[in-house]
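Trainee: Dropping a structure here in structure tokens format, bear with me for questions.
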Amino acid sequence: MTARAADRARYDRATAALDAPLALVDLAAFDANAEDILRRAAGKPVRVASKSVRCRALLERVLAREGFAGVMSYTLAESLWLARSGFEDVLLAYPSADRAAYAELTADPKLAAAVTVMVDDPAQLRLIDDSRAGGTEEVRVCVELDTSLRLLGGRVRIGARRSSLHSPAQLAELARTIARTPGFRLVGIMAYEGHIAGVGDAVAGQPLRSRAVRLMQSAARRELAARRAEAVRAVRAVAPDLEFVNGGGTGSVQYTAAEDAVTEIAAGSGLYVPRLFDNYTSFHGRPAALFALPVVRRPGVGVVTVLGGGYPASGAAGRDRLPEPYLPEGLRYDPQEGAGEVQTPLLGSPADDLLIGDKVWFRHAKAGELCERFEALHLVEGETITATVPTYRGEGRTFL
């Protein structure tokens, strides 16, 4: 029996009394992935990206492990909810235009002390001030450096379109603006290198593309390390009491941790290891989060149909954004139908061994987004469900 077949047998036994659709997290794999992230971080604290987890119980589990510290959130409303729930260090990774939430933040000393907001434009400071509605609390602020690699005089850009602040001088100028603006305190710098941390460099069957990615990432790491160090020096000249410099992501933990200018690492997807993280030379994790769909039809030889399944991941549309039929091994989508909202045909010889009501196990393409489809995660140890915990959605929280 292969390791994957053994996992299928365990998951089927653990959930035998439950009807699909359902989602689970294998705690042994989750914990092993957490340890691997810490190993690669080489002693630097790891801030957990909540977007990639979306379950308070699992955020608490990983933060109870020495070496993890703080949460990186994705909306201001989520940040306030987490702070009210007892999370004391929440960094909002994206600028917000939620005026009502800013009014709450600036009116509550506990929230203002726990939450740091992201800015990359003076207009965002003005929006916050206009949202105060009488709130007088000082707002903790982090500035974001654009990490994209620019070539040929800027005519070629590689990397996500995030911050407008690319040069150290631009970052320092915003730092000076913050220092001159009453009611704000600059406490951190963030620089997320998505083109390094979030792009696989060993894509199966694509050796030339994989080599090109590795060459790009090597050049990008060198360029960014030098520019990030210069940017940190420039900002510290304005704000010498800067508390943190955050960088990295699951795919670049060890590279970013090696930079002296970086004080903490961000990671989250590496806890679940969705299918987009299969194609890396820098690390190999264990799939920890899966969902099961029930077989409801057997249309013919070599075909079964499962209920639901149209759960594409965010990003540019493509086959790599679809969930992967994972267990039993050997199933594939019908190219004429793909993953459907209410039903999904699956092809392959394993279909002939599946009965009505059997479970087919899938891996989502990205971490966290799976939790928007399910109200609970069943936590599995060995072949036993030891707890069932709500996702954000299960707690009535849908922040985006």
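Chain identifiers are assigned as A, B, and so on, following the order in which chains appear in the structure tokens; residues are numbered from 1 within each chain, and ligands are numbered from 1 in order of appearance.
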Where in segment 272-342 of chain A does DSSP assign helix (DSSP H, G or I), given as JSON, numbers by chain?

Mentor: {"A": [272, 275, 276, 277, 319, 320, 321]}

Trainee: Using all heavy atoms, can you export the residues from the last selection as a PDB file, in the first residue's frame?

Mentor:
ATOM      1  N   TYR A 272      -0.834  24.203   5.599  1.00  0.00           N
ATOM      2  CA  TYR A 272      -1.771  23.307   4.928  1.00  0.00           C
ATOM      3  C   TYR A 272      -1.148  22.596   3.728  1.00  0.00           C
ATOM      4  O   TYR A 272      -1.573  21.500   3.371  1.00  0.00           O
ATOM      5  CB  TYR A 272      -2.989  24.085   4.434  1.00  0.00           C
ATOM      6  CG  TYR A 272      -3.968  24.549   5.488  1.00  0.00           C
ATOM      7  CD1 TYR A 272      -4.959  25.483   5.160  1.00  0.00           C
ATOM      8  CD2 TYR A 272      -3.938  24.073   6.791  1.00  0.00           C
ATOM      9  CE1 TYR A 272      -5.889  25.920   6.098  1.00  0.00           C
ATOM     10  CE2 TYR A 272      -4.866  24.509   7.745  1.00  0.00           C
ATOM     11  CZ  TYR A 272      -5.830  25.434   7.381  1.00  0.00           C
ATOM     12  OH  TYR A 272      -6.749  25.868   8.311  1.00  0.00           O
ATOM     13  N   ARG A 275      -2.068  22.393  -3.255  1.00  0.00           N
ATOM     14  CA  ARG A 275      -1.401  21.805  -4.421  1.00  0.00           C
ATOM     15  C   ARG A 275      -0.436  22.760  -5.115  1.00  0.00           C
ATOM     16  O   ARG A 275       0.543  22.322  -5.734  1.00  0.00           O
ATOM     17  CB  ARG A 275      -2.431  21.294  -5.437  1.00  0.00           C
ATOM     18  CG  ARG A 275      -3.287  22.372  -6.065  1.00  0.00           C
ATOM     19  CD  ARG A 275      -4.122  21.828  -7.212  1.00  0.00           C
ATOM     20  NE  ARG A 275      -3.305  21.396  -8.334  1.00  0.00           N
ATOM     21  CZ  ARG A 275      -3.733  21.329  -9.577  1.00  0.00           C
ATOM     22  NH1 ARG A 275      -4.994  21.662  -9.862  1.00  0.00           N
ATOM     23  NH2 ARG A 275      -2.965  20.932 -10.540  1.00  0.00           N
ATOM     24  N   LEU A 276      -0.648  24.087  -5.034  1.00  0.00           N
ATOM     25  CA  LEU A 276       0.267  25.021  -5.682  1.00  0.00           C
ATOM     26  C   LEU A 276       1.649  25.002  -5.045  1.00  0.00           C
ATOM     27  O   LEU A 276       2.599  25.547  -5.609  1.00  0.00           O
ATOM     28  CB  LEU A 276      -0.302  26.443  -5.643  1.00  0.00           C
ATOM     29  CG  LEU A 276      -1.423  26.747  -6.643  1.00  0.00           C
ATOM     30  CD1 LEU A 276      -1.906  28.175  -6.487  1.00  0.00           C
ATOM     31  CD2 LEU A 276      -0.961  26.515  -8.079  1.00  0.00           C
ATOM     32  N   PHE A 277       1.787  24.374  -3.877  1.00  0.00           N
ATOM     33  CA  PHE A 277       3.090  24.321  -3.213  1.00  0.00           C
ATOM     34  C   PHE A 277       3.777  22.972  -3.397  1.00  0.00           C
ATOM     35  O   PHE A 277       4.687  22.627  -2.645  1.00  0.00           O
ATOM     36  CB  PHE A 277       2.931  24.677  -1.736  1.00  0.00           C
ATOM     37  CG  PHE A 277       2.748  26.155  -1.527  1.00  0.00           C
ATOM     38  CD1 PHE A 277       1.495  26.719  -1.635  1.00  0.00           C
ATOM     39  CD2 PHE A 277       3.829  26.973  -1.274  1.00  0.00           C
ATOM     40  CE1 PHE A 277       1.319  28.087  -1.488  1.00  0.00           C
ATOM     41  CE2 PHE A 277       3.676  28.342  -1.116  1.00  0.00           C
ATOM     42  CZ  PHE A 277       2.412  28.899  -1.220  1.00  0.00           C
ATOM     43  N   ARG A 319      -5.988  25.916 -15.242  1.00  0.00           N
ATOM     44  CA  ARG A 319      -6.159  24.584 -14.658  1.00  0.00           C
ATOM     45  C   ARG A 319      -5.464  24.470 -13.296  1.00  0.00           C
ATOM     46  O   ARG A 319      -5.895  23.714 -12.429  1.00  0.00           O
ATOM     47  CB  ARG A 319      -5.612  23.525 -15.618  1.00  0.00           C
ATOM     48  CG  ARG A 319      -6.425  23.352 -16.891  1.00  0.00           C
ATOM     49  CD  ARG A 319      -5.866  22.224 -17.751  1.00  0.00           C
ATOM     50  NE  ARG A 319      -5.871  20.951 -17.041  1.00  0.00           N
ATOM     51  CZ  ARG A 319      -6.926  20.141 -16.956  1.00  0.00           C
ATOM     52  NH1 ARG A 319      -8.070  20.493 -17.534  1.00  0.00           N
ATOM     53  NH2 ARG A 319      -6.851  18.995 -16.316  1.00  0.00           N
ATOM     54  N   ASP A 320      -4.387  25.255 -13.113  1.00  0.00           N
ATOM     55  CA  ASP A 320      -3.672  25.162 -11.847  1.00  0.00           C
ATOM     56  C   ASP A 320      -4.463  25.768 -10.695  1.00  0.00           C
ATOM     57  O   ASP A 320      -4.057  25.647  -9.536  1.00  0.00           O
ATOM     58  CB  ASP A 320      -2.302  25.826 -11.951  1.00  0.00           C
ATOM     59  CG  ASP A 320      -2.378  27.318 -12.225  1.00  0.00           C
ATOM     60  OD1 ASP A 320      -3.437  27.794 -12.680  1.00  0.00           O
ATOM     61  OD2 ASP A 320      -1.375  28.015 -11.984  1.00  0.00           O
ATOM     62  N   ARG A 321      -5.584  26.422 -10.993  1.00  0.00           N
ATOM     63  CA  ARG A 321      -6.415  27.007  -9.935  1.00  0.00           C
ATOM     64  C   ARG A 321      -7.520  26.056  -9.483  1.00  0.00           C
ATOM     65  O   ARG A 321      -8.298  26.384  -8.582  1.00  0.00           O
ATOM     66  CB  ARG A 321      -7.042  28.316 -10.415  1.00  0.00           C
ATOM     67  CG  ARG A 321      -6.019  29.349 -10.816  1.00  0.00           C
ATOM     68  CD  ARG A 321      -5.246  29.891  -9.632  1.00  0.00           C
ATOM     69  NE  ARG A 321      -3.873  30.218  -9.963  1.00  0.00           N
ATOM     70  CZ  ARG A 321      -3.067  30.953  -9.210  1.00  0.00           C
ATOM     71  NH1 ARG A 321      -3.518  31.438  -8.060  1.00  0.00           N
ATOM     72  NH2 ARG A 321      -1.826  31.183  -9.560  1.00  0.00           N
TER      73      ARG A 321
END

Trainee: Could you list, with a cut-off of 12 Å and counting only C-alpha atoms, the residues of segment 92-149 of chain A near segment 247-261 of chain A, each shown with its nearest atom pair and the distance in Å rounded to one decimal, rows sorted by chain and ascending number, as CSV?

Mentor:
residue,atom,partner,partner_atom,distance
A:Ala93,CA,A:Gly247,CA,11.1
A:Glu144,CA,A:Gly247,CA,10.0
A:Leu145,CA,A:Gly247,CA,9.9
A:Asp146,CA,A:Gly247,CA,11.3
A:Thr147,CA,A:Gly247,CA,9.8

Trainee: Limited to all heavy atoms, could you put the picked residues into a file as a PDB file, in the first residue's frame?

Mentor:
ATOM      1  N   ALA A  93      -2.081  43.165   6.561  1.00  0.00           N
ATOM      2  CA  ALA A  93      -1.147  43.111   5.438  1.00  0.00           C
ATOM      3  C   ALA A  93      -1.580  43.932   4.232  1.00  0.00           C
ATOM      4  O   ALA A  93      -0.806  44.054   3.279  1.00  0.00           O
ATOM      5  CB  ALA A  93      -0.940  41.662   5.008  1.00  0.00           C
ATOM      6  N   GLU A 144       4.805  49.534   3.398  1.00  0.00           N
ATOM      7  CA  GLU A 144       5.134  48.374   2.552  1.00  0.00           C
ATOM      8  C   GLU A 144       6.030  48.767   1.398  1.00  0.00           C
ATOM      9  O   GLU A 144       5.745  49.723   0.659  1.00  0.00           O
ATOM     10  CB  GLU A 144       3.869  47.712   2.014  1.00  0.00           C
ATOM     11  CG  GLU A 144       4.181  46.473   1.180  1.00  0.00           C
ATOM     12  CD  GLU A 144       2.954  45.693   0.740  1.00  0.00           C
ATOM     13  OE1 GLU A 144       1.828  46.135   1.042  1.00  0.00           O
ATOM     14  OE2 GLU A 144       3.128  44.644   0.093  1.00  0.00           O
ATOM     15  N   LEU A 145       7.097  48.010   1.238  1.00  0.00           N
ATOM     16  CA  LEU A 145       8.025  48.186   0.126  1.00  0.00           C
ATOM     17  C   LEU A 145       7.596  47.293  -1.034  1.00  0.00           C
ATOM     18  O   LEU A 145       7.326  46.099  -0.838  1.00  0.00           O
ATOM     19  CB  LEU A 145       9.438  47.805   0.565  1.00  0.00           C
ATOM     20  CG  LEU A 145      10.532  47.847  -0.522  1.00  0.00           C
ATOM     21  CD1 LEU A 145      10.819  49.280  -0.935  1.00  0.00           C
ATOM     22  CD2 LEU A 145      11.807  47.156  -0.012  1.00  0.00           C
ATOM     23  N   ASP A 146       7.534  47.850  -2.232  1.00  0.00           N
ATOM     24  CA  ASP A 146       7.277  47.044  -3.428  1.00  0.00           C
ATOM     25  C   ASP A 146       8.500  46.190  -3.706  1.00  0.00           C
ATOM     26  O   ASP A 146       9.617  46.697  -3.827  1.00  0.00           O
ATOM     27  CB  ASP A 146       6.996  47.971  -4.610  1.00  0.00           C
ATOM     28  CG  ASP A 146       6.974  47.241  -5.941  1.00  0.00           C
ATOM     29  OD1 ASP A 146       6.416  46.126  -5.983  1.00  0.00           O
ATOM     30  OD2 ASP A 146       7.531  47.772  -6.924  1.00  0.00           O
ATOM     31  N   THR A 147       8.315  44.895  -3.807  1.00  0.00           N
ATOM     32  CA  THR A 147       9.446  43.977  -3.982  1.00  0.00           C
ATOM     33  C   THR A 147       9.692  43.585  -5.432  1.00  0.00           C
ATOM     34  O   THR A 147      10.618  42.816  -5.710  1.00  0.00           O
ATOM     35  CB  THR A 147       9.216  42.690  -3.177  1.00  0.00           C
ATOM     36  OG1 THR A 147       8.081  41.999  -3.715  1.00  0.00           O
ATOM     37  CG2 THR A 147       8.999  42.994  -1.701  1.00  0.00           C
TER      38      THR A 147
END

Trainee: For Val213 of chain A, please output as a list in words all residues within 8 Å (counting only C-alpha atoms; exclusion window: fewer than 6 positions along the same chain).

Mentor: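 Counting only the stated atoms, we get Val199, Gly200 and Asp201 of chain A.
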
Trainee: Return the single residue from A:His364, A:Asp358, A:Pro182, A:Glu375 that is closest to Arg13 of chain A, with distances computed using only C-alpha atoms.

Mentor: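 For Arg13 of chain A, the nearest of the given residues is A:Asp358.
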
Trainee: What gap, in Å, lies between atom CA of Ala220 of chain A and atom CA of Pro168 of chain A?

Mentor: 16.3 Å

Trainee: Would you please extract all strand (DSSP E or B) residues from segment 220-273 of chain A, as assigned by DSSP on the backbone, and give them as a CSV table (one decimal) with C-alpha atoms, in the first residue's frame?

Mentor:
chain,number,residue,atom,x,y,z
A,244,PHE,CA,9.9,44.9,13.1
A,245,VAL,CA,10.8,44.3,9.4
A,246,ASN,CA,8.6,41.6,8.0
A,247,GLY,CA,9.4,39.6,4.8
A,264,GLU,CA,10.6,38.3,11.3
A,265,ILE,CA,9.2,36.0,8.6
A,266,ALA,CA,5.6,35.6,7.3
A,267,ALA,CA,4.2,32.2,6.4

Trainee: With a distance cut-off of 10 Å and only C-alpha atoms, select the neighbouring residues of Leu82 of chain A, excluding the residue or stretch itself and same-chain residues fewer than 2 positions from it, and output the selection as a ChimeraX atom specification.

Mentor: /A:50,56,71,73,76-80,84-90,111,114-115

Trainee: Within 8 Å of Gly285 of chain A, counting only C-alpha atoms, which residues show up once you throw out same-chain ones fewer than 6 positions away? Write them as a list of chain:residue names, please.

Mentor: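 Near neighbours after the sequence-gap exclusion: A:Asn33, A:Asp36, A:Gly270, A:Val273, A:Asp278.
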
Trainee: Work out how far atom CA of Glu138 of chain A is from atom CA of Ala113 of chain A, in Å to one decimal.

Mentor: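 Spanning atom CA of Ala113 of chain A to atom CA of Glu138 of chain A is a straight-line distance of 8.5 Å.
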
Trainee: Tell me which of A:Ser282, A:Thr263, A:Thr136, A:Ser163 sits closest to Val119 of chain A, counting only C-alpha atoms.

Mentor: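 Residue with the minimum atom-to-atom distance to Val119 of chain A: A:Ser163.
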
Trainee: Considering only C-alpha atoms, state which residue in the set A:Val262, A:Ala34, A:Leu105, A:Leu63 is at the smallest distance from Trp81 of chain A.

Mentor: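 Nearest to Trp81 of chain A: A:Leu105.
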
Trainee: Go through segment 156-233 of chain A residue by residue and, counting only C-alpha atoms, keep those with an atom at most 10 Å from segment 120-124 of chain A; for each kept residue give the shortest atom pair and its distance in Å to one decimal, ordered by chain and increasing number, as a tab-separated table.

Mentor:
residue	atom	partner	partner_atom	distance
A:Arg162	CA	A:Asp120	CA	9.1
A:Ser163	CA	A:Asp120	CA	5.9
A:Ser164	CA	A:Asp120	CA	6.6
A:Leu165	CA	A:Asp120	CA	6.6
A:Gln170	CA	A:Asp120	CA	9.6
A:Leu171	CA	A:Asp120	CA	8.1
A:Leu174	CA	A:Pro122	CA	7.0
A:Ala175	CA	A:Asp120	CA	9.6
A:Thr177	CA	A:Pro122	CA	7.3
A:Ile178	CA	A:Pro122	CA	8.0
A:Thr181	CA	A:Pro122	CA	9.8

Trainee: Contacts of Gly394 of chain A at 6 Å or less, counting only C-alpha atoms, minus same-chain residues fewer than 2 places along, as a ChimeraX atom specification?

Mentor: /A:375-376,390-392,396

Trainee: Let's have the selection written as a PDB file, in the first residue's frame, with all heavy atoms.

Mentor:
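Final file, result25.pdb:
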ATOM      1  N   GLU A 375     -18.012  25.074   6.935  1.00  0.00           N
ATOM      2  CA  GLU A 375     -18.224  25.712   8.230  1.00  0.00           C
ATOM      3  C   GLU A 375     -17.366  25.111   9.324  1.00  0.00           C
ATOM      4  O   GLU A 375     -17.213  25.716  10.396  1.00  0.00           O
ATOM      5  CB  GLU A 375     -19.694  25.610   8.627  1.00  0.00           C
ATOM      6  CG  GLU A 375     -20.631  26.377   7.709  1.00  0.00           C
ATOM      7  CD  GLU A 375     -22.072  26.323   8.158  1.00  0.00           C
ATOM      8  OE1 GLU A 375     -22.374  25.519   9.071  1.00  0.00           O
ATOM      9  OE2 GLU A 375     -22.887  27.090   7.622  1.00  0.00           O
ATOM     10  N   ALA A 376     -16.812  23.928   9.102  1.00  0.00           N
ATOM     11  CA  ALA A 376     -16.032  23.259  10.141  1.00  0.00           C
ATOM     12  C   ALA A 376     -14.883  22.484   9.520  1.00  0.00           C
ATOM     13  O   ALA A 376     -14.944  22.053   8.358  1.00  0.00           O
ATOM     14  CB  ALA A 376     -16.916  22.309  10.953  1.00  0.00           C
ATOM     15  N   PRO A 390     -14.723  25.306  14.201  1.00  0.00           N
ATOM     16  CA  PRO A 390     -15.307  26.142  13.152  1.00  0.00           C
ATOM     17  C   PRO A 390     -14.246  26.876  12.348  1.00  0.00           C
ATOM     18  O   PRO A 390     -13.207  27.275  12.878  1.00  0.00           O
ATOM     19  CB  PRO A 390     -16.176  27.127  13.932  1.00  0.00           C
ATOM     20  CG  PRO A 390     -15.513  27.236  15.267  1.00  0.00           C
ATOM     21  CD  PRO A 390     -14.947  25.865  15.546  1.00  0.00           C
ATOM     22  N   THR A 391     -14.503  27.035  11.077  1.00  0.00           N
ATOM     23  CA  THR A 391     -13.741  27.953  10.246  1.00  0.00           C
ATOM     24  C   THR A 391     -14.250  29.368  10.510  1.00  0.00           C
ATOM     25  O   THR A 391     -15.208  29.573  11.267  1.00  0.00           O
ATOM     26  CB  THR A 391     -13.933  27.621   8.763  1.00  0.00           C
ATOM     27  OG1 THR A 391     -15.337  27.759   8.452  1.00  0.00           O
ATOM     28  CG2 THR A 391     -13.483  26.199   8.444  1.00  0.00           C
ATOM     29  N   TYR A 392     -13.627  30.355   9.873  1.00  0.00           N
ATOM     30  CA  TYR A 392     -14.187  31.712   9.950  1.00  0.00           C
ATOM     31  C   TYR A 392     -15.655  31.687   9.521  1.00  0.00           C
ATOM     32  O   TYR A 392     -16.520  32.282  10.177  1.00  0.00           O
ATOM     33  CB  TYR A 392     -13.426  32.652   9.015  1.00  0.00           C
ATOM     34  CG  TYR A 392     -12.119  33.197   9.530  1.00  0.00           C
ATOM     35  CD1 TYR A 392     -11.487  32.675  10.662  1.00  0.00           C
ATOM     36  CD2 TYR A 392     -11.498  34.262   8.867  1.00  0.00           C
ATOM     37  CE1 TYR A 392     -10.284  33.201  11.111  1.00  0.00           C
ATOM     38  CE2 TYR A 392     -10.302  34.786   9.323  1.00  0.00           C
ATOM     39  CZ  TYR A 392      -9.687  34.256  10.427  1.00  0.00           C
ATOM     40  OH  TYR A 392      -8.507  34.775  10.870  1.00  0.00           O
ATOM     41  N   GLY A 396     -19.559  32.612  11.352  1.00  0.00           N
ATOM     42  CA  GLY A 396     -20.339  33.709  10.779  1.00  0.00           C
ATOM     43  C   GLY A 396     -19.510  34.867  10.300  1.00  0.00           C
ATOM     44  O   GLY A 396     -20.007  35.983  10.158  1.00  0.00           O
TER      45      GLY A 396
END

Trainee: At a cut-off of 9 Å, using only C-alpha atoms, what residues contact Thr15 of chain A? Leave out same-chain residues fewer than 5 positions from it and give the result as a ChimeraX atom specification.

Mentor: /A:10,20,22,378,383-385

Trainee: Restricting the calculation to only C-alpha atoms, which member of A:Asp31, A:Ala6, A:Leu18, A:Val141 is positioned closest to Arg286 of chain A?

Mentor: A:Asp31

Trainee: Tell me, in Å to one decimal, how far atom CA of Leu379 of chain A is from atom CA of Arg363 of chain A.

Mentor: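 Computing it gives 15.6 Å between the two atoms.
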
Trainee: Which one is closest to Arg61 of chain A: A:Leu400, A:Gly153, A:Val389, A:Pro287? Count only C-alpha atoms.

Mentor: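 Among the listed residues, A:Val389 lies closest to Arg61 of chain A.
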